[in-house]
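*Asks:* For reference, the structure I am asking about is given below.
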Amino acid sequence: MLSPERLALPDYEYLAQRHVLTYMEDAVCQLLENREDISQYGIARFFTEYFNSVCQGTHILFREFSFIQATPHNRASFLRAFWRCFRTVGKNGDLLTMREYHCLLQLLCPDFPLELTQKAARIVLMDDAMDCLMSFSDFLFAFQIQFYYSEFLDNVAVIYQDLLSGKNPNTVIVPTSSSGQHYQRPALGEAGMLEGVEASLFYQCLENLCDRHKYSCPPPALVKEILSNVQKLTFYGFLVALSKHHGINQALGALPDKGDLMHDPAMDEELDRLVVRSRLYRTPRQHRGKEPGVFGFQRRGKLEALERVPSALAPTPNLYRWEPRE
Amino acid sequence: MIPGKYRSVSGRAANNVNCGLHLVIQTSTLPEKNKTEFRFSRDTSPFPGRLLQHDLERNYSSRQGIARDGRVISPSPRNKSSFISSTTNVTELYGLDMKTTTSSFSAFGDCSIQTPFKSRLRQGCHSAGPNVSGDHINLVSSSLPSFPILQRSSEEKSLYSDRLTLERQKLTVCPIIDGEEHLRLLNFQHNFITRIQNISNLQSLIFLDLYDNQIEEISGLSTLRSLRVLLLGKNRIKKISNLENLKNLDVLDLHGNQITKIENVNHLCDLRVLNLARNFLSHVDNLHGLDSLTELNLRHNQITFVRDVDNLPCLQRLFLSFNNISSFDSVSCLADSTSLSDITFDGNPLAQESWYKHTVLQNMTQLRQLDMKRVTEEERRVASVVAKKEEEKKRESQKQSLLKEKKRLTINNVARNWDLQQRVSNNAINADRKDCASPPRDSCQLDGSTTSSLPAETGSLDSGLTSALQGLSVTDTHLVEIEGDTLSLYGSGALECLDRNWSLQTAGMVTTISFTFIEFDEIVQVFPKLKIKFPNSLHLKFKETNLVMLQQFNALAQLRRVDQLTVDPQGNPVVNFTLWKYYVLFRLSHFSMQKINGTEVTQNDMIMAERLFGILAHVASSELPQYRMISILGDARRKQFRYLLETKGKKPGIASEENNDSKRVMGENTNRATLNYTTKEWHNEKLEEIKEKKKFCQMYVEDLVKEATDINMKNEALQKLWPQMFIELVRDAVIEIRNKNTYMKVCLQQITDQK
């Protein structure tokens, strides 16, 4: 609250811009929704929990899409939740179709629109191969770009089309030579788009866009880095480069680096415990006369209390605290 | 014609006239032998024309087991004895019948016979005169190579002016018969004639007998317009043809030929007797136009079916012995004939069947004779009883097949509705996709239009269970069926059946429930009912239910038990996902499922499922804020949840049995209970509801924040002003107390004033 920016804006706008209002509204809404239950354990407690969960990024679990996409933080939280929950699917090595990924997304957000998943898949796949299988990491990084920068990419698409159709007079400049690092995505070698647009010109437009764009957009420096490597590029070439760019992923901060994508020791440990337990369940069910744990208002032991299974009573592994970097 | 010089010397008149025929002629025409009247009776009495000898012969031969078909009106003396004997036989046989028919015992004459039959026959035979062989006739070979010319002596001519017999003359061609234009009867029996020739001038010919020759084609008869009797038995004719002009034909005998097809006879409206025995007919058809036909002989063919017989208004006798008829259906037209009184089927596969007699009798009630035996009242009665029984059986099976058919049709109909609905909803989805701004709307609203009414068959639910198959209720838009332990529901309307009062026994028996052509979202809504009404259902089958998402399986978790799950790939795209089985296993792990789509679930499957989705469950349970947990868990769970909250301090032993049970279910389930499925409809409803609240919250928070920021602003402004204000205040105070004495005086004054 004490950042210098604060002084530049009237309070109300500042709160709105920082999405504080969004969360306040949502908190009140949630309170209204479950007022009977919440009033039992205290409204102060509720607010504490609510804002805690916002900080932890768990507030988006199973929420409606309109809320999930409402703020960059929510989007990042959702991406992270998706990665955490379905990392095992990727680890298992299964290649899945776009629809199947969509189903997984819907497990976390029941009304997740198919359109976004399709757009993300289009970054990975060619237009005519939309039924193809994708690896988890390919999809995840493409989806990250598409989901997090959704509005930005829509605008980029418009700019790209404008440039292609020659609305900008500068597009007629013919490149003198093509550099060896020219990045051209082989999968996107459609005849019509083969040439793409001139990178520097494209960057100018994007920089311009980033300046006036009220939604989140990738750091202009990184975009510049991507575009400076090539002379010309296509729209999807740009998206692929974005999705594969290490720095952008870091800047976004929701997902680990590609190399560490399958790596989550805390969760693996938890999973092993769960597997062992599921084995126990398969064996004849004997009554486990273990008293349910204390269910208090403390966060700790919240639901484990219900799981009268010894292993589940172990202290919750340290929740991965992370701060979205905006 | 043939020139006169070729005329042969007239021989003695051939007086070996057809005995049988002669006899009739004799009896019919009183003393004058020469004036034979060929007045063919057009008798319409019930039994006309019984006299034809072949009729008697046939009866006789069938009695004796001798196949002697078609010796129609054989005038040969050789046959005399057999003829007589057979007649006798028949007379004896027929007994009473004979008497009734004697009055119309006139095939060729309209005489009314008073004298006893036998004696008449003898008389007739005697009067036929001596059998004259060919030596009475002079056959002169003409100079034309092949045609002999026939001449008779004038006395012969005058004696038998109207008849000529050329029997057993070893003729290979028809001789030229000159000067005999008035001839009415001509007999060429037992020759080797290959072609009918040279008789076109005999235009008064009424009777032509070419029995036992080698004729291959019917020809040369077009001028014989008055011909009434044409006997072509035992020849080599392949085809019925060239009879166009013989409109007066009364008797046509074509037995013992090679005819394969009945044809070119439809104009013979006066024909009463048609003999086609011992031919190569494969079926009977094309009989219309034979309006006078009373007798049709079709013995010894290869007939498999009979048609068109009901178009013969006068047909009384039909002989189908020794054919290849195997079912009554193939001769079913006979049942429609009202005139038929005598029929034979012996020697057909049909006649071997146990149902043969009563079936025939039942279907042809007008029958008087069957296979030459008189039909008795007793037989008729038995037949009708058996038939009634059979009818009942048939009706039952018909009812069954009707039900089956109805079921099939209903399922088809349901499928059609379903397809239509799918198409519409797909269009809706596509339309949605076009305007991306709007959230995906529920696209299966159509179901409401498929209204349905259940027939009032529900009362008999239990009684029918014994039968293996029972269509319970069939309507157009849906189908409910119990077959053994399977309850099958087709179409969304079928879900209503769960509201019915199922008997405990029925409900208990049902272990498998199959859903077809029903939107999964609709099925979800009846799960609570299903749980109550069919507690033993262990196996769920889904086909064409629009299962598209993994999360839909969450809905199954609320059931009591599921041992087996079968999801047909047809109409359930979710099955194409590689993960769907594991997700089911994971989400429904508390059921300890045994089979999915017929495949046994292994321990490894379970572990795999846990490995894939365990974290999801863990995250869902351990990281979900409590307020969310509460709102996600349904009412029922909430209750249990609260119960646990309340009993947290108590020892577990105190909890009652049922609570243990509920807790057990709970315990297994909680970490994935948050993974539940809300139907699109419901979800949208909820979103609507939330929208309202959101609006309010937005306004509320806005006001609050505005107020807060306002206060904050004032506060800040105050903070800014305060130092200056403080200084001013201090300065004022200092100025006031600068003159100590004056100030003191003022103060004192104030105090005294107060008092």
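Note on naming: chains are A, B, ... as they come in the structure tokens, residues start from 1 per chain, ligands start from 1 in the order shown.
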Wanna dump the chain A-chain B contacts at 6 Å for me, each residue with its shortest atom pair and the distance in Å to one decimal, counting only C-alpha atoms, ordered by chain and number, as a tab-separated table?
*Replies:*
```
residue	atom	partner	partner_atom	distance
A:Glu25	CA	B:Cys697	CA	5.4
A:Cys29	CA	B:Cys697	CA	5.9
A:Cys85	CA	B:Leu616	CA	4.5
A:Thr88	CA	B:Leu612	CA	5.2
A:Val89	CA	B:Leu612	CA	5.5
A:Cys103	CA	B:Met549	CA	5.5
A:Leu107	CA	B:Gln551	CA	5.6
A:Val275	CA	B:Glu610	CA	5.9
A:Glu291	CA	B:Pro652	CA	5.8
A:Glu307	CA	B:Gly667	CA	5.1
```
*Asks:* Please run DSSP on the backbone and report, as JSON, numbers by chain, all residues within stretch 41-98 of chain A that come out as helix (DSSP H, G or I).
*Replies:* {"A": [41, 43, 44, 45, 46, 47, 48, 49, 50, 51, 52, 53, 54, 55, 56, 65, 66, 67, 68, 72, 73, 74, 75, 76, 77, 78, 79, 80, 81, 82, 83, 84, 85, 86, 87, 88, 89, 90, 91, 98]}
*Asks:* Those same residues, written as a compact mmCIF listing (two decimals), in the first residue's frame with N, CA, C and O atoms?
*Replies:*
```txt
# COMPACT_ATOMS: atom_id res chain seq x y z
N TYR A 41 -18.42 -19.75 12.34
CA TYR A 41 -17.03 -19.73 12.80
C TYR A 41 -16.37 -18.36 12.69
O TYR A 41 -15.16 -18.24 12.79
N ILE A 43 -16.76 -14.12 11.23
CA ILE A 43 -16.57 -13.39 9.99
C ILE A 43 -15.12 -12.94 9.84
O ILE A 43 -14.55 -12.99 8.75
N ALA A 44 -14.52 -12.57 10.93
CA ALA A 44 -13.12 -12.16 10.87
C ALA A 44 -12.27 -13.32 10.36
O ALA A 44 -11.40 -13.16 9.51
N ARG A 45 -12.62 -14.49 10.90
CA ARG A 45 -11.89 -15.69 10.50
C ARG A 45 -12.04 -15.91 8.98
O ARG A 45 -11.09 -16.26 8.28
N PHE A 46 -13.25 -15.71 8.53
CA PHE A 46 -13.51 -15.89 7.10
C PHE A 46 -12.64 -14.98 6.27
O PHE A 46 -11.99 -15.40 5.31
N PHE A 47 -12.62 -13.68 6.65
CA PHE A 47 -11.83 -12.75 5.85
C PHE A 47 -10.35 -13.10 5.89
O PHE A 47 -9.66 -13.03 4.87
N THR A 48 -9.90 -13.50 7.05
CA THR A 48 -8.51 -13.91 7.15
C THR A 48 -8.22 -15.03 6.18
O THR A 48 -7.26 -15.00 5.41
N GLU A 49 -9.10 -16.01 6.23
CA GLU A 49 -8.90 -17.17 5.39
C GLU A 49 -8.98 -16.80 3.92
O GLU A 49 -8.19 -17.26 3.10
N TYR A 50 -9.94 -15.95 3.65
CA TYR A 50 -10.12 -15.58 2.25
C TYR A 50 -8.86 -14.93 1.70
O TYR A 50 -8.34 -15.34 0.66
N PHE A 51 -8.36 -13.93 2.41
CA PHE A 51 -7.20 -13.23 1.86
C PHE A 51 -5.94 -14.07 1.93
O PHE A 51 -5.06 -13.93 1.09
N ASN A 52 -5.92 -14.97 2.90
CA ASN A 52 -4.81 -15.93 2.91
C ASN A 52 -4.83 -16.78 1.65
O ASN A 52 -3.79 -16.99 1.01
N SER A 53 -6.01 -17.28 1.33
CA SER A 53 -6.09 -18.15 0.16
C SER A 53 -5.78 -17.37 -1.12
O SER A 53 -5.20 -17.91 -2.05
N VAL A 54 -6.16 -16.09 -1.11
CA VAL A 54 -5.81 -15.28 -2.28
C VAL A 54 -4.30 -15.20 -2.40
O VAL A 54 -3.73 -15.37 -3.48
N CYS A 55 -3.65 -15.00 -1.28
CA CYS A 55 -2.19 -14.91 -1.32
C CYS A 55 -1.58 -16.22 -1.77
O CYS A 55 -0.60 -16.25 -2.51
N GLN A 56 -2.15 -17.31 -1.31
CA GLN A 56 -1.60 -18.62 -1.65
C GLN A 56 -1.99 -19.08 -3.04
O GLN A 56 -1.45 -20.05 -3.56
N PHE A 65 -15.35 -19.36 -14.23
CA PHE A 65 -14.33 -18.83 -15.13
C PHE A 65 -14.23 -17.31 -15.04
O PHE A 65 -13.14 -16.75 -15.08
N SER A 66 -15.35 -16.67 -14.90
CA SER A 66 -15.33 -15.20 -14.88
C SER A 66 -14.44 -14.69 -13.74
O SER A 66 -13.78 -13.67 -13.87
N PHE A 67 -14.42 -15.41 -12.65
CA PHE A 67 -13.58 -15.01 -11.54
C PHE A 67 -12.12 -15.36 -11.81
O PHE A 67 -11.21 -14.58 -11.52
N ILE A 68 -11.94 -16.52 -12.36
CA ILE A 68 -10.58 -16.99 -12.59
C ILE A 68 -9.81 -16.07 -13.52
O ILE A 68 -8.63 -15.83 -13.36
N PRO A 72 -4.84 -10.82 -13.11
CA PRO A 72 -3.62 -11.56 -13.49
C PRO A 72 -3.21 -12.54 -12.40
O PRO A 72 -2.76 -13.63 -12.70
N HIS A 73 -3.40 -12.11 -11.16
CA HIS A 73 -3.03 -13.01 -10.07
C HIS A 73 -3.87 -14.29 -10.11
O HIS A 73 -3.35 -15.39 -9.92
N ASN A 74 -5.14 -14.12 -10.37
CA ASN A 74 -6.00 -15.30 -10.47
C ASN A 74 -5.55 -16.20 -11.60
O ASN A 74 -5.54 -17.42 -11.48
N ARG A 75 -5.21 -15.57 -12.71
CA ARG A 75 -4.78 -16.36 -13.86
C ARG A 75 -3.52 -17.14 -13.53
O ARG A 75 -3.42 -18.34 -13.81
N ALA A 76 -2.59 -16.46 -12.93
CA ALA A 76 -1.35 -17.13 -12.57
C ALA A 76 -1.62 -18.24 -11.57
O ALA A 76 -1.07 -19.34 -11.67
N SER A 77 -2.51 -17.96 -10.64
CA SER A 77 -2.85 -18.98 -9.64
C SER A 77 -3.47 -20.20 -10.32
O SER A 77 -3.17 -21.33 -9.95
N PHE A 78 -4.32 -19.93 -11.29
CA PHE A 78 -4.98 -21.05 -11.97
C PHE A 78 -3.94 -21.87 -12.74
O PHE A 78 -3.97 -23.10 -12.71
N LEU A 79 -3.05 -21.17 -13.42
CA LEU A 79 -2.02 -21.88 -14.17
C LEU A 79 -1.20 -22.76 -13.23
O LEU A 79 -0.90 -23.92 -13.53
N ARG A 80 -0.90 -22.20 -12.10
CA ARG A 80 -0.09 -22.94 -11.15
C ARG A 80 -0.88 -24.14 -10.61
O ARG A 80 -0.35 -25.25 -10.49
N ALA A 81 -2.13 -23.90 -10.31
CA ALA A 81 -2.96 -25.00 -9.80
C ALA A 81 -3.07 -26.11 -10.84
O ALA A 81 -2.98 -27.30 -10.53
N PHE A 82 -3.25 -25.70 -12.08
CA PHE A 82 -3.34 -26.70 -13.15
C PHE A 82 -2.05 -27.51 -13.23
O PHE A 82 -2.08 -28.73 -13.33
N TRP A 83 -0.96 -26.78 -13.18
CA TRP A 83 0.32 -27.49 -13.26
C TRP A 83 0.47 -28.46 -12.09
O TRP A 83 0.86 -29.61 -12.27
N ARG A 84 0.15 -27.99 -10.91
CA ARG A 84 0.36 -28.83 -9.74
C ARG A 84 -0.53 -30.07 -9.79
O ARG A 84 -0.11 -31.18 -9.46
N CYS A 85 -1.77 -29.86 -10.16
CA CYS A 85 -2.73 -30.98 -10.12
C CYS A 85 -2.45 -32.01 -11.20
O CYS A 85 -2.66 -33.20 -10.99
N PHE A 86 -2.01 -31.55 -12.35
CA PHE A 86 -1.92 -32.50 -13.47
C PHE A 86 -0.49 -32.73 -13.94
O PHE A 86 -0.27 -33.30 -14.99
N ARG A 87 0.45 -32.28 -13.14
CA ARG A 87 1.84 -32.56 -13.43
C ARG A 87 2.04 -34.07 -13.59
O ARG A 87 2.77 -34.53 -14.46
N THR A 88 1.33 -34.84 -12.77
CA THR A 88 1.49 -36.30 -12.81
C THR A 88 1.07 -36.87 -14.16
O THR A 88 1.63 -37.86 -14.61
N VAL A 89 0.08 -36.23 -14.75
CA VAL A 89 -0.36 -36.71 -16.07
C VAL A 89 0.77 -36.54 -17.07
O VAL A 89 1.06 -37.44 -17.88
N GLY A 90 1.44 -35.38 -16.99
CA GLY A 90 2.56 -35.15 -17.88
C GLY A 90 3.72 -36.08 -17.56
O GLY A 90 4.38 -36.61 -18.45
N LYS A 91 3.91 -36.31 -16.30
CA LYS A 91 5.01 -37.14 -15.84
C LYS A 91 4.83 -38.57 -16.35
O LYS A 91 5.78 -39.27 -16.68
N MET A 98 -6.45 -32.09 -27.45
CA MET A 98 -6.90 -30.80 -26.95
C MET A 98 -8.13 -30.98 -26.06
O MET A 98 -8.24 -30.37 -25.00
```
*Asks:* Between A:Phe202, A:Tyr160, A:Phe143, A:Tyr215, which is the closest to A:Tyr236 once you count only C-alpha atoms?
*Replies:*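 Among the listed residues, A:Tyr160 lies closest to A:Tyr236.
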*Asks:* Please list as a ChimeraX atom specification every residue within 6 Å of stretch 327-340 of chain B, counting only C-alpha atoms and excluding residues in the same chain fewer than 6 positions away.
*Replies:* /B:305-307,310,314-316,350,363-364
*Asks:* Restricting the calculation to only C-alpha atoms: of A:Leu201, A:Ser243, A:Thr22, A:Leu255, which residue gets closest to A:Leu227?
*Replies:*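 Checking each of A:Leu201, A:Ser243, A:Thr22, A:Leu255 against A:Leu227, counting only C-alpha atoms, the winner is A:Leu201.
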*Asks:* Find the residues around B:His182 up to 10 Å (only C-alpha atoms counted), leave out those fewer than 2 positions away in its own chain, and share them as a PyMOL selection string.
*Replies:* chain B and resi 161-163+179-180+184-185+201-205
*Asks:* Excluding stretch 489-501 of chain B and its own-chain neighbours fewer than 4 positions away, which residues fall within 6 Å of it when counting only C-alpha atoms? Please give them as a PyMOL selection string.
*Replies:* chain B and resi 414+452+478-480+515-518
*Asks:* Save out the residues we just selected, C-alpha atoms, as a PDB file, in the first residue's frame.
*Replies:*
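As a result, part-v5.pdb now contains:
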```pdb
ATOM      1  CA  VAL B 414     -36.089 -42.380 -29.653  1.00  0.00           C
ATOM      2  CA  SER B 452     -44.504 -38.662 -22.843  1.00  0.00           C
ATOM      3  CA  HIS B 478     -39.191 -43.418 -24.728  1.00  0.00           C
ATOM      4  CA  LEU B 479     -39.025 -47.003 -23.614  1.00  0.00           C
ATOM      5  CA  VAL B 480     -38.720 -48.653 -20.261  1.00  0.00           C
ATOM      6  CA  PHE B 515     -29.367 -45.646 -20.101  1.00  0.00           C
ATOM      7  CA  THR B 516     -29.632 -45.036 -23.808  1.00  0.00           C
ATOM      8  CA  PHE B 517     -30.427 -41.863 -25.687  1.00  0.00           C
ATOM      9  CA  ILE B 518     -30.625 -39.788 -22.551  1.00  0.00           C
TER      10      ILE B 518
END
```
*Asks:* Which value, in Å to one decimal, gives the distance between atom CA of B:Lys393 and atom CA of B:Arg380?
*Replies:* 19.6 Å
*Asks:* If you run DSSP on this backbone, which residues of stretch 82-237 of chain A come out as strand (DSSP E), and could you give them as a ChimeraX atom specification?
*Replies:* /A:197-198,232-233
*Asks:* Which residues come within 10 Å of B:Gly508, counting only C-alpha atoms, excluding same-chain residues fewer than 6 positions away, as an mmCIF file with C-alpha atoms, in the first residue's frame?
*Replies:*
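Contents of result38.cif, freshly written:
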```
data_model
loop_
_atom_site.group_PDB
_atom_site.id
_atom_site.type_symbol
_atom_site.label_atom_id
_atom_site.label_comp_id
_atom_site.auth_asym_id
_atom_site.auth_seq_id
_atom_site.Cartn_x
_atom_site.Cartn_y
_atom_site.Cartn_z
ATOM 1 C CA ASP B 485 -32.093 -58.085 -13.810
ATOM 2 C CA TRP B 502 -41.787 -50.189 -8.062
ATOM 3 C CA LYS B 533 -35.677 -47.053 -5.738
ATOM 4 C CA PHE B 534 -33.052 -49.473 -6.902
ATOM 5 C CA PRO B 535 -30.722 -49.972 -3.992
ATOM 6 C CA ASN B 536 -29.151 -53.041 -5.528
ATOM 7 C CA SER B 537 -28.116 -51.537 -8.797
#
```
*Asks:* Closest to A:Thr97 among A:Ile123, A:Glu270, A:Asp111, A:Phe136, using only C-alpha atoms?
*Replies:*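 Closest to A:Thr97, using only C-alpha atoms: A:Phe136.
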